[in-house]
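Take a look at the structure set out below.
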Amino acid sequence: MESFLNRYRNLTVLLLVIFAQLVLLAVQVKNAQDVRMIRVWAVSAVTPAARVMEWFRGGSIGFVRNYILMHDASEENRHLRDELGRTRMENTFLRNELATAERAKALQLFEAHTPSKMLAASIIGTGAGANSKVVFISRGSAEGVMRGMAVVTPDGIVGEVIAAYPTASEVLLVTDPDFAAGVIGQKSQVRGTLKGQGNPMCKVDYVPPGEKVQAGEVFYTSGDDRIFPRGFTVGVARVVRPAQPFQEILVEPAGLQHGLEDVLIILDPVHQSIPAAPPANQPVFLAPAPPENPAPAATTGDASPSATPSPAAGTDADKLRAIYQSVGAAENHNFGTGPPGTKPPDFTKLPSSPLPPPAPGAANAPKTATGGRAPASTQHAEPRPATVARPPVPAAKKSVTPPAVAPNAGETAKPPEPRPAAVKPPAKQPPPAPPPQQQ
Amino acid sequence: MSYSSSSRILLSSQRESRISRFRAWVMVVVPLLAILFQIYVPLFFPFAHFLDMPLLVVVYFALMKRSQISGLLVGAFVGLAQDSLSKTPLGIFGIVDTLVGYFAASVGLRLDVDHAFIRLLLAFFFFVFHEVMYWVLARALLGQMLALDPERILIQGLLNAAVGISLYHFLDRLRETA
C-alpha cells in the first residue's frame, strides 16, 4: 500500500485535494430544494444501503427462525414447535396483513374524501438526533415531493417535509420544538399557533386570555401557514390554563396517537371547511331512558330525574316552553300533530307560571297523552337521533353527562372520565325500575 | 532569449528539464498581486475583464516548478482565494485551478517551457481548459445552466496567451539564479 501511494504520490495528492474541495463545495451548495448537496449525497448514499440492509436483516431473521433454530430440536418437539411456530407466524402474518390492509383502506378512503391531491408513503427511518423529532419517508423528489409539503394521516396532521431527497424525504414531526402551524378551534373559532415541545403534547400559543377555549375542543388547521390546507384535524385540547400573556393550551396531536407507519403527503393542497362537529363515527353518549309511566312531578311530587323538569330548575327558555305547553294542554291541543289550518291554542293570555295539569280524566284522553304537558318519559321513550337537541333534563342529570369530545374514530375517543356505557339504546331500559343513578 | 529554428521544444530526458526556484515571497506576492489585479483593475478599465491573471500565474508557476504537487497546491490556493473573493461557492475555481496546476506541471516535465511559442500555446490551451472545466463543474455540481461560447473563449484565450507571454517574461526575472 505504501509503495503504491509512493508510486502514485502525485495523483494521490491531486485526488485528495480535489476531494477536499468537493466536500467544501458540497457543504455550501444547496440544490433547488434548498438542501445542501453534502446532505443530498449522504442521504442518497445511505438510504439505499439502509434498504438493502433492512432487506437482508428481515431475510436473515426469517431464515434463522424458520430453519436454523428448529434444526437442533428433538424430533417430537420439532414437529410440535414447527406446527405451533408456523401457526403463530401465520397468525402474525395475517394480523400484519390485516393491519396493513386496514391502514391502506383508511388511507385510500381518506384520500378519496379529501379534495387535496396526496401521495402515500411509508416511514423508513427516524432522525439521528436525540431530540429531533424527524422521520424519513419512502418518497422523495423523484416522485414530486418538495420541501414544505404537509404530511398527514387520516387521524390528523403529522408534520412537514423539511428536505426532499431523490429517494426519500425528511419530515419534521409536529412534536419537534421547531415545528409550528396555524390552527383554529372548532367551537371557539379562536386562532393560534401550534408548536411542538419535544414531548407528546403540543402547545397552542398566542391565544389571548379572553378567548373561551375549553378542554376537549378540537383544533383544525387554519391554512394560514401556507403549509397545511385548512380543515385538517390537529388534535384535542387536553389542558387549558389561564396564563399571561397568552393562555396555556396543550393539545394531544391526533396524527401521532397510533404510531406512524403510513402517511400521506399533500402534493396539491385544497382548503376545506372546518367541520361543524367532530367526525360522526365516534360513540355518542345517550342517557338512560326514563321509566315508562312515572307520575308528573307537579302532581306526585316525584323528584326523579326523569320527571318533567320543574320550571325553577330549567332555563328561561324551559320556563317559557313549559308555559306554552301548559296552555296547549289546557286547551287539549296536541303540538305538532294537527293538520294545516288547525286552530292553534290561544296564546294571547299567557300565565306567568305554567298552568296546573288537567284533571285525571282529561289526562287520560288520547290527545293529552302526547301533549305538551305529558311527562317527559313519553317523549323520551321514542328513539331519536343523536344529533337531535337534547330535551331539558334536571341539572343533576346534566352534570353527569360527559361531553363527546373525541374527534376521530371510535378507538380514538378518549373521554376525560370513564363512564359506564358509551351507547345505551333506550329500549333496553327496564320500564318499571326507578331511574338509574348515574353518580 | 532567442531560439533558432532548429531549437527543440521537446525535452529528450528529464535531465534536460531545469527546475526553476523562486523565493518564498515571490510565491506569495505574485499570486496575491494577480488576484488584486483581477478584482481591482477592471473597476477602472472594464476591458481588463478578459484577462485571467490568477490563471496565468498558476500556469507559470506550475510550468516552471515542474512539480505536480507544487502545481496543484498553487492552483488550489489561488483558486480558493478567487472563490473567496467571488460569489461562487468555495471550491469551484479551486478545483479547476488545481487541475490546471497539475496538468500544467505534467506538461512542464515534457516540454521546454522556456520556449516562447510553447508558452503561448500552453497559456492558450490552459485558458480554454479552464473555461471548459468551469462550465462542466458549474453545470454538474451547481446545476447552473451556463452558456458555453466557443468564439468568446477562443478570442479571450488568444488575448490571455499574448498577455501571458509578456507576463512570463517579467516573471522570469524573479527566478533565483543557480
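Numbering starts fresh at 1 for the residues of each chain in the C-alpha cells, the chains themselves are lettered A, B, ... in the order given, and ligands are numbered from 1 as they appear.
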
What are the closest atom pairs, with distances in Å to one decimal, for each residue of chain A lying within 12 Å of chain B, using only C-alpha atoms, rows by chain and rising residue number, as CSV?
residue,atom,partner,partner_atom,distance
A:Tyr8,CA,B:Gln68,CA,11.2
A:Arg9,CA,B:Ile69,CA,8.6
A:Asn10,CA,B:Ile69,CA,5.8
A:Leu11,CA,B:Gln68,CA,8.5
A:Thr12,CA,B:Ile69,CA,9.6
A:Val13,CA,B:Ile69,CA,6.8
A:Leu14,CA,B:Leu72,CA,6.7
A:Leu15,CA,B:Leu99,CA,9.8
A:Leu16,CA,B:Leu72,CA,10.7
A:Val17,CA,B:Ala76,CA,7.6
A:Ile18,CA,B:Ile95,CA,5.8
A:Phe19,CA,B:Ile95,CA,8.9
A:Ala20,CA,B:Gly91,CA,8.7
A:Gln21,CA,B:Gly91,CA,5.0
A:Leu22,CA,B:Gly91,CA,6.6
A:Val23,CA,B:Gly91,CA,8.5
A:Leu24,CA,B:Gly91,CA,6.3
A:Leu25,CA,B:Gly91,CA,5.2
A:Ala26,CA,B:Leu141,CA,8.3
A:Val27,CA,B:Leu90,CA,9.3
A:Gln28,CA,B:Pro89,CA,6.4
A:Val29,CA,B:Pro89,CA,6.6
A:Lys30,CA,B:Leu142,CA,8.1
A:Asn31,CA,B:Leu142,CA,7.5
A:Ala32,CA,B:Gly143,CA,8.8
A:Arg36,CA,B:Leu142,CA,10.8
A:Met37,CA,B:Leu141,CA,8.6
A:Ile38,CA,B:Leu141,CA,11.0
A:Val40,CA,B:Leu141,CA,11.8
A:Trp41,CA,B:Leu141,CA,11.2

Generate the output file for the selected residues, N, CA and C atoms, as an mmCIF file, in the first residue's frame.
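Writing done, so here's part-v3.cif:
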data_model
loop_
_atom_site.group_PDB
_atom_site.id
_atom_site.type_symbol
_atom_site.label_atom_id
_atom_site.label_comp_id
_atom_site.auth_asym_id
_atom_site.auth_seq_id
_atom_site.Cartn_x
_atom_site.Cartn_y
_atom_site.Cartn_z
ATOM 1 N N TYR A 8 2.277 6.470 -6.901
ATOM 2 C CA TYR A 8 1.291 7.399 -7.464
ATOM 3 C C TYR A 8 1.063 8.554 -6.490
ATOM 4 N N ARG A 9 2.144 9.072 -5.965
ATOM 5 C CA ARG A 9 2.022 10.117 -4.964
ATOM 6 C C ARG A 9 1.361 11.372 -5.540
ATOM 7 N N ASN A 10 1.793 11.768 -6.709
ATOM 8 C CA ASN A 10 1.246 12.987 -7.300
ATOM 9 C C ASN A 10 -0.255 12.853 -7.553
ATOM 10 N N LEU A 11 -0.617 11.714 -8.110
ATOM 11 C CA LEU A 11 -2.038 11.512 -8.403
ATOM 12 C C LEU A 11 -2.848 11.424 -7.114
ATOM 13 N N THR A 12 -2.254 10.805 -6.102
ATOM 14 C CA THR A 12 -2.957 10.701 -4.821
ATOM 15 C C THR A 12 -3.189 12.074 -4.208
ATOM 16 N N VAL A 13 -2.153 12.902 -4.245
ATOM 17 C CA VAL A 13 -2.320 14.251 -3.698
ATOM 18 C C VAL A 13 -3.363 15.013 -4.489
ATOM 19 N N LEU A 14 -3.332 14.854 -5.808
ATOM 20 C CA LEU A 14 -4.336 15.538 -6.632
ATOM 21 C C LEU A 14 -5.747 15.105 -6.240
ATOM 22 N N LEU A 15 -5.938 13.807 -6.099
ATOM 23 C CA LEU A 15 -7.273 13.324 -5.754
ATOM 24 C C LEU A 15 -7.691 13.797 -4.364
ATOM 25 N N LEU A 16 -6.757 13.821 -3.443
ATOM 26 C CA LEU A 16 -7.092 14.298 -2.098
ATOM 27 C C LEU A 16 -7.498 15.762 -2.112
ATOM 28 N N VAL A 17 -6.742 16.567 -2.822
ATOM 29 C CA VAL A 17 -7.071 17.994 -2.872
ATOM 30 C C VAL A 17 -8.403 18.212 -3.569
ATOM 31 N N ILE A 18 -8.621 17.486 -4.657
ATOM 32 C CA ILE A 18 -9.905 17.626 -5.357
ATOM 33 C C ILE A 18 -11.043 17.167 -4.447
ATOM 34 N N PHE A 19 -10.840 16.060 -3.752
ATOM 35 C CA PHE A 19 -11.895 15.555 -2.874
ATOM 36 C C PHE A 19 -12.195 16.549 -1.746
ATOM 37 N N ALA A 20 -11.149 17.115 -1.176
ATOM 38 C CA ALA A 20 -11.355 18.091 -0.098
ATOM 39 C C ALA A 20 -12.163 19.284 -0.603
ATOM 40 N N GLN A 21 -11.868 19.725 -1.790
ATOM 41 C CA GLN A 21 -12.608 20.872 -2.316
ATOM 42 C C GLN A 21 -14.024 20.482 -2.724
ATOM 43 N N LEU A 22 -14.193 19.243 -3.137
ATOM 44 C CA LEU A 22 -15.559 18.796 -3.431
ATOM 45 C C LEU A 22 -16.399 18.787 -2.158
ATOM 46 N N VAL A 23 -15.816 18.313 -1.069
ATOM 47 C CA VAL A 23 -16.542 18.326 0.205
ATOM 48 C C VAL A 23 -16.841 19.759 0.622
ATOM 49 N N LEU A 24 -15.844 20.605 0.458
ATOM 50 C CA LEU A 24 -16.051 22.010 0.797
ATOM 51 C C LEU A 24 -17.179 22.606 -0.044
ATOM 52 N N LEU A 25 -17.207 22.233 -1.291
ATOM 53 C CA LEU A 25 -18.252 22.732 -2.188
ATOM 54 C C LEU A 25 -19.619 22.191 -1.780
ATOM 55 N N ALA A 26 -19.642 20.913 -1.432
ATOM 56 C CA ALA A 26 -20.921 20.297 -1.097
ATOM 57 C C ALA A 26 -21.489 20.830 0.201
ATOM 58 N N VAL A 27 -20.622 21.277 1.084
ATOM 59 C CA VAL A 27 -21.120 21.842 2.341
ATOM 60 C C VAL A 27 -21.854 23.151 2.086
ATOM 61 N N GLN A 28 -21.418 23.881 1.069
ATOM 62 C CA GLN A 28 -22.006 25.205 0.850
ATOM 63 C C GLN A 28 -23.185 25.184 -0.098
ATOM 64 N N VAL A 29 -23.088 24.381 -1.129
ATOM 65 C CA VAL A 29 -24.065 24.484 -2.215
ATOM 66 C C VAL A 29 -25.354 23.802 -1.812
ATOM 67 N N LYS A 30 -26.468 24.417 -2.158
ATOM 68 C CA LYS A 30 -27.783 23.840 -1.925
ATOM 69 C C LYS A 30 -28.441 23.595 -3.278
ATOM 70 N N ASN A 31 -29.272 22.587 -3.305
ATOM 71 C CA ASN A 31 -29.954 22.287 -4.553
ATOM 72 C C ASN A 31 -31.242 23.097 -4.639
ATOM 73 N N ALA A 32 -32.072 22.763 -5.608
ATOM 74 C CA ALA A 32 -33.302 23.529 -5.801
ATOM 75 C C ALA A 32 -34.248 23.405 -4.621
ATOM 76 N N ARG A 36 -28.534 21.168 1.343
ATOM 77 C CA ARG A 36 -27.124 21.165 0.999
ATOM 78 C C ARG A 36 -26.766 19.886 0.248
ATOM 79 N N MET A 37 -25.859 20.066 -0.715
ATOM 80 C CA MET A 37 -25.507 18.938 -1.574
ATOM 81 C C MET A 37 -24.863 17.812 -0.773
ATOM 82 N N ILE A 38 -24.147 18.172 0.282
ATOM 83 C CA ILE A 38 -23.490 17.106 1.047
ATOM 84 C C ILE A 38 -24.532 16.223 1.724
ATOM 85 N N VAL A 40 -27.598 15.787 0.443
ATOM 86 C CA VAL A 40 -28.203 15.025 -0.648
ATOM 87 C C VAL A 40 -27.343 13.813 -0.980
ATOM 88 N N TRP A 41 -26.045 14.066 -1.073
ATOM 89 C CA TRP A 41 -25.159 12.953 -1.401
ATOM 90 C C TRP A 41 -25.156 11.917 -0.283
#

If I take atom CA of A:Leu173 and atom CA of A:Ala215, how far is one from the other in Å, to one decimal?
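About the pair atom CA of A:Leu173 and atom CA of A:Ala215: they are 23.2 Å apart.
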
Residues of stretch 41-249 of chain A in helix (DSSP H, G or I) according to DSSP, as a PyMOL selection string?
chain A and resi 41-71+75-112+141-143

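When atom CA of A:Val135 is paired with atom CA of A:Ile123, their separation reads 6.8 Å.
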
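Each of B:Val78, B:Met64, B:Met53, B:Ala24 was compared to B:Arg110 using only C-alpha atoms, and B:Met64 turns out to be the nearest.
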
For B:Ile153, which residue out of B:Phe61, B:Phe103, B:Phe129, B:Phe170 is the nearest one, using only C-alpha atoms?
B:Phe129

With a distance cut-off of 12 Å and only C-alpha atoms, select the neighbouring residues of A:Gly198, excluding the residue or stretch itself and same-chain residues fewer than 4 positions from it, and output the selection as a ChimeraX atom specification.
/A:130-134,172-179,202-203

If we count only C-alpha atoms and set the cut-off at 9 Å, which residues sit around B:Gly164, ignoring sequence neighbours fewer than 5 positions away in its own chain? Please answer as a PyMOL selection string.
chain B and resi 53+56-57+60+119-120+123-124+159+169

Would you export the selected residues with C-alpha atoms as a PDB file, in the first residue's frame, please?
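Printed below is result-v8.pdb as written:
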ATOM      1  CA  MET B  53      -4.230  36.890 -14.277  1.00  0.00           C
ATOM      2  CA  LEU B  56      -1.760  32.833 -15.970  1.00  0.00           C
ATOM      3  CA  VAL B  57       0.229  32.914 -12.742  1.00  0.00           C
ATOM      4  CA  TYR B  60       3.518  29.890 -14.997  1.00  0.00           C
ATOM      5  CA  ARG B 119       4.336  29.255 -23.537  1.00  0.00           C
ATOM      6  CA  LEU B 120       1.910  30.893 -25.951  1.00  0.00           C
ATOM      7  CA  ALA B 123      -1.333  29.646 -21.979  1.00  0.00           C
ATOM      8  CA  PHE B 124      -3.977  29.442 -24.699  1.00  0.00           C
ATOM      9  CA  LEU B 159      -5.563  37.585 -25.770  1.00  0.00           C
ATOM     10  CA  HIS B 169       8.991  37.274 -19.476  1.00  0.00           C
TER      11      HIS B 169
END

Among stretch 66-259 of chain A, which ones does DSSP place in strand (DSSP E or B), written as a PyMOL selection string?
chain A and resi 117-126+134-137+150-153+156-164+169-173+180-185+191-196+202-205+218-221+233-241+248-253

Expressed in Å to a single decimal, how great is the separation between atom CA of B:Met145 and atom CA of A:Ala142?
20.4 Å
